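Source file: work_7.txt (compact mmCIF, C-alpha atoms)
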```
# COMPACT_ATOMS: atom_id res chain seq x y z
CA MET A 1 -8.21 -36.32 7.25
CA MET A 2 -4.61 -37.35 7.81
CA THR A 3 -3.07 -40.53 6.54
CA LYS A 4 -1.34 -42.76 9.05
CA LYS A 5 2.07 -41.68 7.73
CA GLN A 6 1.12 -37.99 8.04
CA HIS A 7 0.03 -38.56 11.64
CA ILE A 8 3.35 -40.26 12.43
CA ASP A 9 5.24 -37.42 10.73
CA TYR A 10 3.25 -34.87 12.75
CA TRP A 11 4.53 -36.37 16.01
CA LEU A 12 8.10 -36.80 14.74
CA HIS A 13 8.24 -33.20 13.53
CA GLY A 14 7.03 -31.93 16.91
CA ALA A 15 9.57 -34.09 18.75
CA THR A 16 12.39 -32.88 16.52
CA GLU A 17 11.43 -29.26 17.18
CA ASN A 18 11.38 -29.96 20.93
CA ILE A 19 14.89 -31.45 20.75
CA LYS A 20 16.04 -28.26 19.00
CA ASP A 21 14.28 -26.19 21.69
CA MET A 22 16.00 -28.24 24.41
CA LYS A 23 19.42 -27.56 22.88
CA ALA A 24 18.67 -23.85 22.45
CA ALA A 25 17.46 -23.59 26.05
CA ILE A 26 20.65 -25.27 27.28
CA LYS A 27 22.74 -22.87 25.25
CA SER A 28 20.88 -19.89 26.73
CA LYS A 29 21.20 -21.37 30.26
CA ARG A 30 17.44 -21.88 30.65
CA ARG A 31 18.09 -25.32 32.05
CA SER A 32 14.69 -26.13 33.59
CA MET A 33 13.03 -25.13 30.31
CA ALA A 34 15.47 -27.41 28.50
CA MET A 35 14.34 -30.36 30.61
CA PHE A 36 10.68 -29.50 29.97
CA CYS A 37 11.35 -29.43 26.21
CA GLY A 38 13.17 -32.75 26.53
CA HIS A 39 10.11 -34.27 28.20
CA LEU A 40 7.94 -32.99 25.36
CA ALA A 41 10.29 -34.54 22.79
CA ILE A 42 10.06 -37.98 24.38
CA GLU A 43 6.29 -37.67 24.88
CA LYS A 44 5.77 -36.80 21.21
CA THR A 45 8.14 -39.52 20.02
CA LEU A 46 6.23 -42.11 22.07
CA LYS A 47 2.99 -40.78 20.58
CA GLY A 48 4.56 -41.21 17.15
CA LEU A 49 5.31 -44.83 18.02
CA CYS A 50 1.71 -45.27 19.12
CA ALA A 51 0.60 -43.79 15.79
CA VAL A 52 2.80 -46.12 13.74
CA ARG A 53 1.42 -49.07 15.67
CA GLY A 54 -2.19 -47.94 15.27
CA VAL A 55 -2.75 -47.26 18.96
CA ILE A 56 -5.32 -44.57 19.69
CA ILE A 57 -4.13 -42.41 22.57
CA GLN A 58 -5.95 -39.92 24.72
CA ARG A 59 -4.36 -36.90 26.34
CA GLU A 60 -1.46 -38.42 28.22
CA HIS A 61 1.81 -37.03 29.52
CA LYS A 62 3.11 -39.91 31.63
CA LEU A 63 5.86 -41.54 29.62
CA ILE A 64 5.60 -44.97 31.27
CA LYS A 65 1.91 -45.12 30.39
CA LEU A 66 2.63 -44.08 26.79
CA ALA A 67 5.38 -46.71 26.55
CA LYS A 68 2.90 -49.32 27.78
CA GLU A 69 0.24 -48.16 25.31
CA CYS A 70 2.57 -48.62 22.34
CA GLY A 71 3.86 -52.01 23.51
CA LEU A 72 7.28 -51.13 24.90
CA ASP A 73 6.62 -51.99 28.53
CA SER A 74 7.68 -55.64 28.29
CA THR A 75 11.05 -54.71 26.76
CA LEU A 76 12.01 -51.95 29.19
CA THR A 77 14.64 -52.56 31.84
CA TYR A 78 14.24 -51.33 35.39
CA ASP A 79 16.70 -48.49 34.65
CA GLN A 80 14.79 -47.47 31.52
CA ARG A 81 11.54 -47.34 33.49
CA GLU A 82 13.25 -45.18 36.11
CA GLU A 83 14.58 -42.85 33.39
CA LEU A 84 11.11 -42.43 31.88
CA GLN A 85 9.69 -41.67 35.32
CA ILE A 86 12.33 -39.02 35.99
CA ILE A 87 11.85 -37.46 32.54
CA THR A 88 8.07 -37.40 33.18
CA ASN A 89 8.79 -35.25 36.24
CA PHE A 90 10.31 -32.62 33.93
CA ASN A 91 6.76 -31.77 32.81
CA ILE A 92 6.49 -28.77 35.12
CA GLU A 93 4.24 -26.51 33.08
CA ALA A 94 1.34 -26.45 35.55
CA ARG A 95 3.20 -26.93 38.82
CA TYR A 96 3.31 -24.50 41.71
CA ASP A 97 6.00 -21.79 41.80
CA ASP A 98 7.79 -23.35 44.80
CA TYR A 99 8.06 -26.64 42.91
CA LYS A 100 9.38 -24.81 39.86
CA MET A 101 11.98 -23.03 41.98
CA ARG A 102 13.16 -26.31 43.55
CA PHE A 103 13.30 -27.93 40.13
CA HIS A 104 15.25 -24.98 38.74
CA ALA A 105 17.80 -25.41 41.56
CA THR A 106 18.10 -29.12 40.66
CA CYS A 107 18.93 -28.26 37.06
CA THR A 108 22.65 -27.71 37.46
CA PRO A 109 24.79 -27.74 34.32
CA GLN A 110 25.94 -31.28 35.18
CA TYR A 111 22.41 -32.55 35.80
CA VAL A 112 21.14 -31.06 32.54
CA ALA A 113 24.11 -32.42 30.59
CA GLU A 114 23.41 -35.92 31.95
CA TRP A 115 19.66 -35.84 31.34
CA SER A 116 19.76 -34.10 27.97
CA GLY A 117 22.11 -36.89 26.89
CA LYS A 118 19.65 -39.53 28.09
CA ILE A 119 16.76 -37.72 26.41
CA THR A 120 18.69 -37.53 23.14
CA THR A 121 19.44 -41.27 23.34
CA TRP A 122 15.76 -42.06 23.95
CA TYR A 123 14.72 -39.79 21.09
CA LYS A 124 17.17 -41.32 18.60
CA GLU A 125 16.28 -44.91 19.49
CA LEU A 126 12.52 -44.33 19.41
CA LYS A 127 12.81 -42.43 16.13
CA ARG A 128 14.82 -45.31 14.65
CA ILE A 129 12.06 -47.78 15.60
CA ILE A 130 9.34 -45.49 14.24
CA LEU A 131 11.07 -44.92 10.91
CA GLN A 132 11.75 -48.63 10.52
CA GLU A 133 8.10 -49.52 11.17
CA ARG A 134 6.78 -46.56 9.14
CA ALA A 135 8.73 -47.73 6.07
CA SER A 136 6.64 -50.90 5.88
CA LEU A 137 3.30 -49.06 5.89
CA PRO A 138 1.34 -48.63 2.67
CA ASN A 139 0.73 -45.07 1.43
CA ASN A 140 -2.57 -43.23 1.85
CA VAL A 141 -3.97 -45.42 4.63
CA PRO A 142 -6.33 -43.29 6.73
CA ASP A 143 -5.28 -42.85 10.32
CA MET A 144 -7.73 -44.23 12.88
CA GLN A 145 -7.12 -41.27 15.19
CA SER A 146 -8.39 -38.87 12.50
CA LEU A 147 -11.56 -40.91 12.08
CA ILE A 148 -12.54 -40.34 15.72
CA LYS A 149 -14.07 -36.89 15.77
```

Please rewrite the model in this file as structure tokens.
Amino acid sequence: MMTKKQHIDYWLHGATENIKDMKAAIKSKRRSMAMFCGHLAIEKTLKGLCAVRGVIIQREHKLIKLAKECGLDSTLTYDQREELQIITNFNIEARYDDYKMRFHATCTPQYVAEWSGKITTWYKELKRIILQERASLPNNVPDMQSLIK
């Protein structure tokens, strides 16, 4: 069974790896894959925020819904909501080939530079909040998510 801090760290580690994957994909000119990795980074960071706040989450990939689950919805601006919706659309893993081809065409170097910058900003700010809240948690507290099995 994981402690709450271990569960938070699990999500942060995954998000950090996805940020690295996004940067590597940009460097290798796999721009649509970079945006997909960016989506995963924000998804996992939001799940880390849910974990730090003790929110039990189900399988969810929609970033607005995750933000609502962990209590961010009331603090988000209209533009931030729009950004999360656009980043959610980068989750193209199971989409049809024609959709993937259109998305690939959208992912110009300029588009990817803009959105990878926004993703990095989201990641850094969410991580800052998580680490701040995580610091106040006691050690060895069991995580509620691990108790549900």

| said: Measuring between only C-alpha atoms, which one of A:Thr120, A:Ala105, A:Arg53, A:Leu12 shows the shortest distance to Leu137 (chain A)? | reply: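 Counting only C-alpha atoms, the residue closest to Leu137 (chain A) is A:Arg53.
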
Residues near Ala41 (chain A), anyone? I mean within 10 Å using only C-alpha atoms, not counting same-chain ones fewer than 5 positions away, as a PDB file with C-alpha atoms, keeping the file's coordinate frame.
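Wrote selection-v3.pdb, looks like this:
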```
ATOM      1  CA  TRP A  11       4.530 -36.370  16.010  1.00  0.00           C
ATOM      2  CA  LEU A  12       8.100 -36.800  14.740  1.00  0.00           C
ATOM      3  CA  HIS A  13       8.240 -33.200  13.530  1.00  0.00           C
ATOM      4  CA  GLY A  14       7.030 -31.930  16.910  1.00  0.00           C
ATOM      5  CA  ALA A  15       9.570 -34.090  18.750  1.00  0.00           C
ATOM      6  CA  THR A  16      12.390 -32.880  16.520  1.00  0.00           C
ATOM      7  CA  GLU A  17      11.430 -29.260  17.180  1.00  0.00           C
ATOM      8  CA  ASN A  18      11.380 -29.960  20.930  1.00  0.00           C
ATOM      9  CA  ILE A  19      14.890 -31.450  20.750  1.00  0.00           C
ATOM     10  CA  LYS A  20      16.040 -28.260  19.000  1.00  0.00           C
ATOM     11  CA  ASP A  21      14.280 -26.190  21.690  1.00  0.00           C
ATOM     12  CA  MET A  22      16.000 -28.240  24.410  1.00  0.00           C
ATOM     13  CA  MET A  35      14.340 -30.360  30.610  1.00  0.00           C
ATOM     14  CA  PHE A  36      10.680 -29.500  29.970  1.00  0.00           C
ATOM     15  CA  LEU A  46       6.230 -42.110  22.070  1.00  0.00           C
ATOM     16  CA  LYS A  47       2.990 -40.780  20.580  1.00  0.00           C
ATOM     17  CA  ILE A 119      16.760 -37.720  26.410  1.00  0.00           C
ATOM     18  CA  THR A 120      18.690 -37.530  23.140  1.00  0.00           C
ATOM     19  CA  TRP A 122      15.760 -42.060  23.950  1.00  0.00           C
ATOM     20  CA  TYR A 123      14.720 -39.790  21.090  1.00  0.00           C
TER      21      TYR A 123
END
```

| Atom pair CA of Pro109 (chain A) / CA of Gln80 (chain A): separation (Å) | 22.3 Å

| In terms of the shortest atom-to-atom distance over only C-alpha atoms, which of A:Ala24, A:Leu49, A:Gln6, A:Ser74 is closest to Glu125 (chain A)? |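 Using only C-alpha atoms, the shortest distance to Glu125 (chain A) belongs to A:Leu49.
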
| query | Which residue gives the smallest distance to Ile26 (chain A) among A:Ile129, A:Arg134, A:Glu60, A:Ala113, with only C-alpha atoms counted? | reply |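 Nearest candidate to Ile26 (chain A) out of A:Ile129, A:Arg134, A:Glu60, A:Ala113: A:Ala113.
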